[in-house]
$ cat run.pdb   # PDB, C-alpha atoms
ATOM      1  CA  LEU A   1     -19.960  -8.804   2.107
ATOM      2  CA  LEU A   2     -21.337  -9.293  -1.377
ATOM      3  CA  GLY A   3     -21.719  -6.637  -4.060
ATOM      4  CA  HIS A   4     -18.667  -6.653  -6.320
ATOM      5  CA  SER A   5     -18.841  -8.638  -9.561
ATOM      6  CA  ASP A   6     -15.083  -9.117 -10.070
ATOM      7  CA  TRP A   7     -11.819  -9.425  -8.132
ATOM      8  CA  ILE A   8     -11.353  -7.104  -5.151
ATOM      9  CA  GLN A   9      -7.863  -5.632  -5.516
ATOM     10  CA  ALA A  10      -7.626  -3.346  -2.467
ATOM     11  CA  VAL A  11      -9.290  -2.604   0.874
ATOM     12  CA  ALA A  12      -8.827   0.104   3.519
ATOM     13  CA  PHE A  13     -10.452   0.927   6.865
ATOM     14  CA  LEU A  14     -11.647   4.405   7.679
ATOM     15  CA  PRO A  15      -9.829   5.649  10.826
ATOM     16  CA  ASP A  16     -12.770   5.007  13.167
ATOM     17  CA  GLY A  17     -12.731   1.320  12.229
ATOM     18  CA  LYS A  18     -16.467   1.298  11.587
ATOM     19  CA  GLN A  19     -16.288   1.250   7.804
ATOM     20  CA  VAL A  20     -14.101  -0.490   5.254
ATOM     21  CA  ILE A  21     -13.660   0.585   1.637
ATOM     22  CA  SER A  22     -13.077  -1.892  -1.205
ATOM     23  CA  GLY A  23     -11.887  -1.388  -4.783
ATOM     24  CA  SER A  24     -12.452  -3.913  -7.546
ATOM     25  CA  ASN A  25     -11.755  -4.914 -11.142
ATOM     26  CA  ASP A  26     -15.470  -4.276 -11.712
ATOM     27  CA  CYS A  27     -14.602  -0.525 -11.792
ATOM     28  CA  SER A  28     -16.395   0.219  -8.534
ATOM     29  CA  VAL A  29     -15.457   1.351  -5.023
ATOM     30  CA  ARG A  30     -17.823   0.416  -2.197
ATOM     31  CA  GLY A  31     -18.203   1.235   1.484
ATOM     32  CA  TRP A  32     -19.223  -1.358   4.069
ATOM     33  CA  ARG A  33     -20.387  -1.035   7.661
ATOM     34  CA  VAL A  34     -18.293  -3.502   9.624
ATOM     35  CA  GLU A  35     -20.582  -4.469  12.514
ATOM     36  CA  ALA A  36     -23.792  -4.558  10.492
ATOM     37  CA  GLY A  37     -22.141  -6.329   7.548
ATOM     38  CA  CYS A  38     -23.974  -4.167   5.021
ATOM     39  CA  GLU A  39     -23.100  -1.771   2.236
ATOM     40  CA  VAL A  40     -23.262   1.931   3.089
ATOM     41  CA  GLY A  41     -23.648   4.953   0.813
ATOM     42  CA  THR A  42     -23.640   5.132  -2.943
ATOM     43  CA  VAL A  43     -21.283   3.129  -5.127
ATOM     44  CA  MET A  44     -18.255   5.137  -6.285
ATOM     45  CA  LYS A  45     -17.757   4.311  -9.959
ATOM     46  CA  GLU A  46     -14.462   4.508 -11.828
ATOM     47  CA  GLY A  47     -13.866   4.168 -15.561
ATOM     48  CA  GLY A  48     -11.495   1.237 -15.136
ATOM     49  CA  ALA A  49     -10.284  -1.434 -12.731
ATOM     50  CA  VAL A  50      -9.329  -0.185  -9.240
ATOM     51  CA  PHE A  51      -5.960  -1.438  -7.968
ATOM     52  CA  ALA A  52      -5.362   0.876  -4.982
ATOM     53  CA  VAL A  53      -7.504   2.293  -2.172
ATOM     54  CA  ALA A  54      -6.468   4.525   0.741
ATOM     55  CA  ALA A  55      -8.309   6.427   3.484
ATOM     56  CA  SER A  56      -7.053   9.696   4.968
ATOM     57  CA  ASN A  57      -6.139   9.759   8.644
ATOM     58  CA  ASP A  58      -8.674  12.485   9.364
ATOM     59  CA  GLY A  59     -11.468  10.330   7.929
ATOM     60  CA  GLN A  60     -12.522  12.927   5.344
ATOM     61  CA  TRP A  61     -11.191  11.426   2.123
ATOM     62  CA  ILE A  62     -10.954   8.202   0.168
ATOM     63  CA  ALA A  63      -8.403   7.887  -2.631
ATOM     64  CA  THR A  64      -8.549   5.355  -5.461
ATOM     65  CA  GLY A  65      -6.455   4.572  -8.512
ATOM     66  CA  GLY A  66      -6.070   1.958 -11.220
ATOM     67  CA  THR A  67      -6.146   1.491 -14.967
ATOM     68  CA  GLU A  68      -7.420   5.032 -15.652
ATOM     69  CA  LYS A  69      -3.893   6.327 -14.808
ATOM     70  CA  LYS A  70      -5.265   8.941 -12.404
ATOM     71  CA  ILE A  71      -6.063   9.282  -8.700
ATOM     72  CA  THR A  72      -9.604  10.072  -7.634
ATOM     73  CA  ILE A  73     -10.311  11.719  -4.264
ATOM     74  CA  TRP A  74     -13.794  11.033  -2.879
ATOM     75  CA  ASP A  75     -15.660  12.549   0.059
ATOM     76  CA  ALA A  76     -15.715   9.746   2.650
ATOM     77  CA  THR A  77     -19.178  10.757   3.915
ATOM     78  CA  THR A  78     -21.107  11.503   0.716
ATOM     79  CA  HIS A  79     -19.026   9.357  -1.679
ATOM     80  CA  GLU A  80     -19.043  12.291  -4.102
ATOM     81  CA  LYS A  81     -16.009  12.882  -6.314
ATOM     82  CA  ALA A  82     -13.902  15.788  -5.028
ATOM     83  CA  LEU A  83     -10.753  15.763  -7.171
ATOM     84  CA  GLU A  84      -9.061  13.957 -10.034
ATOM     85  CA  LEU A  85      -5.255  14.009 -10.084
ATOM     86  CA  GLU A  86      -3.662  13.380 -13.463
ATOM     87  CA  GLY A  87       0.023  13.144 -14.341
ATOM     88  CA  HIS A  88       1.022   9.508 -14.694
ATOM     89  CA  LEU A  89       1.552   7.712 -17.987
ATOM     90  CA  ASP A  90       0.402   4.289 -16.802
ATOM     91  CA  TRP A  91      -1.716   2.474 -14.220
ATOM     92  CA  ILE A  92      -1.780   3.478 -10.543
ATOM     93  CA  TYR A  93      -0.557   0.648  -8.318
ATOM     94  CA  SER A  94      -0.264   2.173  -4.825
ATOM     95  CA  LEU A  95      -1.469   5.070  -2.642
ATOM     96  CA  SER A  96      -0.544   6.523   0.756
ATOM     97  CA  PHE A  97      -1.893   9.568   2.615
ATOM     98  CA  SER A  98       0.475  11.692   4.698
ATOM     99  CA  PRO A  99      -0.144  11.639   8.478
ATOM    100  CA  GLY A 100      -1.869  15.039   8.356
ATOM    101  CA  SER A 101      -3.969  14.013   5.318
ATOM    102  CA  ALA A 102      -2.910  17.152   3.393
ATOM    103  CA  ARG A 103      -0.831  15.139   0.908
ATOM    104  CA  ILE A 104      -1.108  11.881  -0.935
ATOM    105  CA  ALA A 105       1.668   9.918  -2.613
ATOM    106  CA  ASN A 106       1.194   7.328  -5.300
ATOM    107  CA  GLY A 107       3.235   4.808  -7.245
ATOM    108  CA  SER A 108       2.607   3.880 -10.849
ATOM    109  CA  ARG A 109       3.413   1.288 -13.478
ATOM    110  CA  ASP A 110       5.280   4.125 -15.253
ATOM    111  CA  ASN A 111       8.058   3.558 -12.629
ATOM    112  CA  THR A 112       7.555   6.910 -10.860
ATOM    113  CA  VAL A 113       6.220   8.402  -7.607
ATOM    114  CA  ILE A 114       4.268  11.678  -7.352
ATOM    115  CA  THR A 115       2.977  13.590  -4.305
ATOM    116  CA  TRP A 116      -0.154  15.753  -4.486
ATOM    117  CA  SER A 117      -2.137  18.231  -2.414
ATOM    118  CA  THR A 118      -5.431  16.686  -1.317
ATOM    119  CA  THR A 119      -7.047  20.105  -0.968
ATOM    120  CA  ALA A 120      -5.853  22.014  -4.054
ATOM    121  CA  GLY A 121      -5.279  19.002  -6.294
ATOM    122  CA  GLU A 122      -1.858  20.337  -7.287
ATOM    123  CA  ARG A 123       1.229  18.244  -7.901
ATOM    124  CA  LEU A 124       3.617  19.033  -5.044
ATOM    125  CA  ALA A 125       6.653  17.004  -6.079
ATOM    126  CA  GLY A 126       7.704  14.484  -8.666
ATOM    127  CA  PRO A 127       7.599  12.450 -10.697
ATOM    128  CA  PHE A 128      10.454  10.894  -8.702
ATOM    129  CA  LYS A 129      12.526   8.727 -10.997
ATOM    130  CA  GLY A 130      14.791   5.864 -10.002
ATOM    131  CA  HIS A 131      12.631   2.768 -10.086
ATOM    132  CA  LEU A 132      13.212   0.519 -13.085
ATOM    133  CA  TRP A 133       9.838  -1.216 -12.805
ATOM    134  CA  GLY A 134       6.348  -0.396 -11.579
ATOM    135  CA  VAL A 135       5.958   0.922  -8.013
ATOM    136  CA  ASP A 136       3.906  -1.745  -6.231
ATOM    137  CA  SER A 137       3.710  -0.263  -2.731
ATOM    138  CA  ILE A 138       4.289   3.116  -1.100
ATOM    139  CA  SER A 139       4.255   4.411   2.473
ATOM    140  CA  PHE A 140       4.653   7.757   4.257
ATOM    141  CA  SER A 141       6.749   7.751   7.418
ATOM    142  CA  PRO A 142       4.726   8.619  10.547
ATOM    143  CA  ASN A 143       6.235  12.136  10.685
ATOM    144  CA  GLY A 144       5.535  12.707   6.987
ATOM    145  CA  VAL A 145       9.179  13.479   6.245
ATOM    146  CA  LYS A 146      10.023  10.418   4.167
ATOM    147  CA  ILE A 147       8.360   8.164   1.630
ATOM    148  CA  ALA A 148       9.343   4.542   1.017
ATOM    149  CA  SER A 149       8.493   2.869  -2.280
ATOM    150  CA  CYS A 150       9.246  -0.522  -3.767
ATOM    151  CA  ASP A 151       9.191  -2.195  -7.156
ATOM    152  CA  THR A 152       9.446  -5.460  -9.049
ATOM    153  CA  HIS A 153      13.110  -4.799  -9.789
ATOM    154  CA  HIS A 154      14.066  -6.055  -6.307
ATOM    155  CA  THR A 155      14.468  -2.601  -4.715
ATOM    156  CA  VAL A 156      13.143  -0.279  -2.005
ATOM    157  CA  HIS A 157      13.752   3.484  -2.382
ATOM    158  CA  LEU A 158      13.590   6.234   0.245
ATOM    159  CA  TRP A 159      12.654   9.825  -0.619
ATOM    160  CA  ASP A 160      13.037  12.991   1.492
ATOM    161  CA  MET A 161      10.012  15.313   1.457
ATOM    162  CA  THR A 162      11.860  18.191   3.178
ATOM    163  CA  THR A 163      14.333  18.793   0.349
ATOM    164  CA  THR A 164      14.150  18.404  -3.410
ATOM    165  CA  SER A 165      12.749  14.897  -2.982
ATOM    166  CA  THR A 166      15.952  13.121  -3.895
ATOM    167  CA  ARG A 167      16.700   9.619  -2.680
ATOM    168  CA  VAL A 168      18.183   9.878   0.834
ATOM    169  CA  ALA A 169      19.436   6.359   1.410
ATOM    170  CA  ARG A 170      21.059   3.629  -0.586
ATOM    171  CA  ILE A 171      18.731   1.489  -2.605
ATOM    172  CA  LEU A 172      17.662  -1.369  -0.364
ATOM    173  CA  GLN A 173      18.034  -4.624  -2.225
ATOM    174  CA  HIS A 174      15.967  -7.800  -2.141
ATOM    175  CA  ASP A 175      16.752 -11.015  -3.982
ATOM    176  CA  GLY A 176      13.449 -10.845  -5.843
ATOM    177  CA  ASP A 177      10.514  -8.572  -6.694
ATOM    178  CA  VAL A 178       9.340  -6.408  -3.757
ATOM    179  CA  TYR A 179       5.557  -6.196  -3.341
ATOM    180  CA  SER A 180       4.991  -4.476  -0.006
ATOM    181  CA  VAL A 181       6.627  -1.801   2.162
ATOM    182  CA  ALA A 182       5.580  -0.129   5.435
ATOM    183  CA  PHE A 183       6.916   2.100   8.211
ATOM    184  CA  SER A 184       6.296   1.156  11.825
ATOM    185  CA  PRO A 185       4.026   3.571  13.764
ATOM    186  CA  ASP A 186       7.009   4.819  15.805
ATOM    187  CA  GLY A 187       9.024   5.475  12.629
ATOM    188  CA  ASN A 188      11.992   3.415  13.788
ATOM    189  CA  HIS A 189      11.561   0.512  11.408
ATOM    190  CA  LEU A 190      11.016   0.029   7.700
ATOM    191  CA  VAL A 191       9.801  -3.374   6.594
ATOM    192  CA  SER A 192       9.531  -4.885   3.125
ATOM    193  CA  GLY A 193       8.617  -8.228   1.618
ATOM    194  CA  GLY A 194       8.447  -9.887  -1.753
ATOM    195  CA  ARG A 195       9.214 -12.733  -4.085
ATOM    196  CA  ASP A 196      12.372 -13.840  -2.252
ATOM    197  CA  LYS A 197      10.094 -15.120   0.539
ATOM    198  CA  LYS A 198      11.770 -12.844   3.124
ATOM    199  CA  VAL A 199      10.543 -10.081   5.395
ATOM    200  CA  CYS A 200      13.310  -7.486   5.792
ATOM    201  CA  ILE A 201      13.419  -5.036   8.723
ATOM    202  CA  TRP A 202      15.865  -2.458   7.479
ATOM    203  CA  SER A 203      16.395  -0.466  10.662
ATOM    204  CA  LEU A 204      17.525  -3.675  12.375
ATOM    205  CA  LYS A 205      19.171  -4.990   9.224
ATOM    206  CA  GLY A 206      17.301  -8.190   9.965
ATOM    207  CA  ILE A 207      15.854 -10.807   7.643
ATOM    208  CA  LEU A 208      12.917 -12.925   8.780
ATOM    209  CA  GLU A 209      12.669 -16.257   7.010
ATOM    210  CA  GLY A 210       9.810 -18.696   7.349
ATOM    211  CA  HIS A 211       7.537 -18.426   4.331
ATOM    212  CA  SER A 212       7.859 -20.957   1.517
ATOM    213  CA  HIS A 213       6.593 -18.597  -1.198
ATOM    214  CA  TRP A 214       6.463 -14.890  -2.079
ATOM    215  CA  VAL A 215       5.568 -12.347   0.647
ATOM    216  CA  TRP A 216       2.672 -10.197  -0.608
ATOM    217  CA  SER A 217       1.501  -8.166   2.390
ATOM    218  CA  LEU A 218       2.846  -6.661   5.625
ATOM    219  CA  ALA A 219       1.485  -4.761   8.637
ATOM    220  CA  PHE A 220       2.915  -3.481  11.917
ATOM    221  CA  SER A 221       1.064  -3.801  15.214
ATOM    222  CA  PRO A 222      -0.007  -0.439  16.726
ATOM    223  CA  ASP A 223       2.855  -0.552  19.255
ATOM    224  CA  SER A 224       5.444  -1.446  16.547
ATOM    225  CA  THR A 225       6.611  -4.559  18.434
ATOM    226  CA  ARG A 226       5.203  -7.044  15.917
ATOM    227  CA  ILE A 227       4.941  -7.524  12.162
ATOM    228  CA  ALA A 228       2.401  -9.713  10.407
ATOM    229  CA  SER A 229       3.210 -11.072   6.954
ATOM    230  CA  GLY A 230       0.932 -12.683   4.380
ATOM    231  CA  SER A 231       2.308 -14.941   1.690
ATOM    232  CA  ALA A 232       1.596 -16.807  -1.502
ATOM    233  CA  ASP A 233       2.114 -19.938   0.585
ATOM    234  CA  MET A 234      -1.425 -19.175   1.907
ATOM    235  CA  THR A 235      -0.235 -18.518   5.460
ATOM    236  CA  VAL A 236       0.211 -15.624   7.913
ATOM    237  CA  ILE A 237       3.147 -15.286  10.311
ATOM    238  CA  VAL A 238       3.571 -12.828  13.209
ATOM    239  CA  TRP A 239       7.141 -11.758  14.088
ATOM    240  CA  SER A 240       8.887  -9.801  16.847
ATOM    241  CA  THR A 241      10.496  -6.581  15.576
ATOM    242  CA  THR A 242      13.007  -6.578  18.425
ATOM    243  CA  THR A 243      14.279 -10.159  18.400
ATOM    244  CA  GLY A 244      13.270 -11.260  14.913
ATOM    245  CA  GLU A 245      11.642 -14.366  16.374
ATOM    246  CA  ARG A 246       8.523 -15.949  14.975
ATOM    247  CA  LEU A 247       5.789 -15.317  17.558
ATOM    248  CA  VAL A 248       2.794 -16.978  15.905
ATOM    249  CA  GLY A 249       2.264 -19.110  12.847
ATOM    250  CA  PRO A 250       2.300 -19.993  10.160
ATOM    251  CA  LEU A 251      -1.467 -19.500  10.477
ATOM    252  CA  LYS A 252      -3.262 -21.695   7.965
ATOM    253  CA  GLY A 253      -6.776 -21.451   6.563
ATOM    254  CA  HIS A 254      -6.526 -19.446   3.371
ATOM    255  CA  PHE A 255      -7.035 -21.292   0.107
ATOM    256  CA  TYR A 256      -5.128 -18.796  -2.004
ATOM    257  CA  TRP A 257      -2.419 -16.139  -1.692
ATOM    258  CA  VAL A 258      -2.701 -13.607   1.147
ATOM    259  CA  PHE A 259      -2.675 -10.250  -0.642
ATOM    260  CA  SER A 260      -3.675  -7.981   2.242
ATOM    261  CA  ILE A 261      -3.202  -8.017   6.016
ATOM    262  CA  CYS A 262      -3.983  -5.701   8.905
ATOM    263  CA  PHE A 263      -3.741  -5.660  12.723
TER     264      PHE A 263
END

$ encode --input "run.pdb" --output "structure tokens"
Amino acid sequence: LLGHSDWIQAVAFLPDGKQVISGSNDCSVRGWRVEAGCEVGTVMKEGGAVFAVAASNDGQWIATGGTEKKITIWDATTHEKALELEGHLDWIYSLSFSPGSARIANGSRDNTVITWSTTAGERLAGPFKGHLWGVDSISFSPNGVKIASCDTHHTVHLWDMTTTSTRVARILQHDGDVYSVAFSPDGNHLVSGGRDKKVCIWSLKGILEGHSHWVWSLAFSPDSTRIASGSADMTVIVWSTTTGERLVGPLKGHFYWVFSICF
């Protein structure tokens, strides 16, 4: 799918799986029809590079963020700008919609997390402070009660959305920068990966070792029984969440780091 003129930093499927959204350093966000392999709708233009893209679970909204230090909410059908959310002091690195699509959380290079209303555009909570470096990845739990976020200071933080949004668990520690974090669809597992070349399943207190370089991307299977990891070693590995065994891989074929992965 050709159209961007610079690096593509983030991609996200709309819930129906028929369209994918891409964000690029060329300051544009584009929609693509998967089966036809063609661009769809008008180009959504930002004023700076786009580092993060997310689609709401109800299929109504697309969220983007990057060097402009703000989050833009777009109508997923018309590609018209609906809201701009401003409050961070530095670039936006990560975005995650709540399960009901009424909220969005984001992580920033200013070391904080903020949650917003997707309908009113109001700041609901935050900035949550505790990270010592930029927040590279963020994820809502499936019930919308917790948020997990990670940073390049080797840590994963958990936040409780039902209280005053204070950290509710000890800081989870890696031996290197943490680039990716995700909850399993059943909410029973939290997984993270990063520069220490390990995939950590925190609910099982397990460590999955097999990559020879940094772990950049992670995704759970729909039934939560498997995790796929993408690495700077240019491979993909699929793991069992129950036994910790390597099920498939390393899958080879990439010629550069695997920044994004999805079942």

$ axis_aligned_box --input "run.pdb" --around "region 178-194 of chain A" --padding-each-side "5 Å" --output "AutoDock Vina command-line options"
--center_x 8.0 --center_y -2.2 --center_z 6.0 --size_x 18.0 --size_y 25.4 --size_z 29.6

$ resolve_selection --input "run.pdb" --expression "the PyMOL selection byres ((chain A and resi 231) around 9)" --output "list of chain:residue names"
A:Gly194, A:Lys197, A:His211, A:Ser212, A:His213, A:Trp214, A:Val215, A:Trp216, A:Ser217, A:Ser229, A:Gly230, A:Ala232, A:Asp233, A:Met234, A:Thr235, A:Val236, A:Ile237, A:Trp257, A:Val258, A:Phe259

$ residues_around --input "run.pdb" --residues "region 72-84 of chain A" --least-positions-apart "3" --cutoff "12 Å" --atoms "all atoms listed in the file" --output "ChimeraX atom specification"
/A:12-16,19-21,28-32,40-48,50,52-69,87-88,92,95,97,101-104,106,116-123

$ atom_distance --input "run.pdb" --atom1 "CA of Arg33 (chain A)" --atom2 "CA of Asp223 (chain A)"
26.0 Å

$ resolve_selection --input "run.pdb" --expression "the PyMOL selection byres ((chain A and resi 226) around 10)" --output "count of residues only"
21

$ atom_distance --input "run.pdb" --atom1 "CA of Gly126 (chain A)" --atom2 "CA of Asp177 (chain A)"
23.3 Å

$ residues_near_point --input "run.pdb" --point "(-22.6, -10.7, -2.3)" --cutoff "12 Å" --atoms "only C-alpha atoms" --output "ChimeraX atom specification"
/A:1-6,32,37-39

$ residues_around --input "run.pdb" --residues "Val135 (chain A)" --least-positions-apart "5" --cutoff "8 Å" --atoms "only C-alpha atoms" --output "list in words"
Tyr93, Ser94, Gly107, Ser108, Arg109, Asp110, Asn111, Thr112, Val113, Ser149, Cys150, Asp151 and Thr152 of chain A

$ atom_distance --input "run.pdb" --atom1 "CA of Val248 (chain A)" --atom2 "CA of Gly210 (chain A)"
11.2 Å
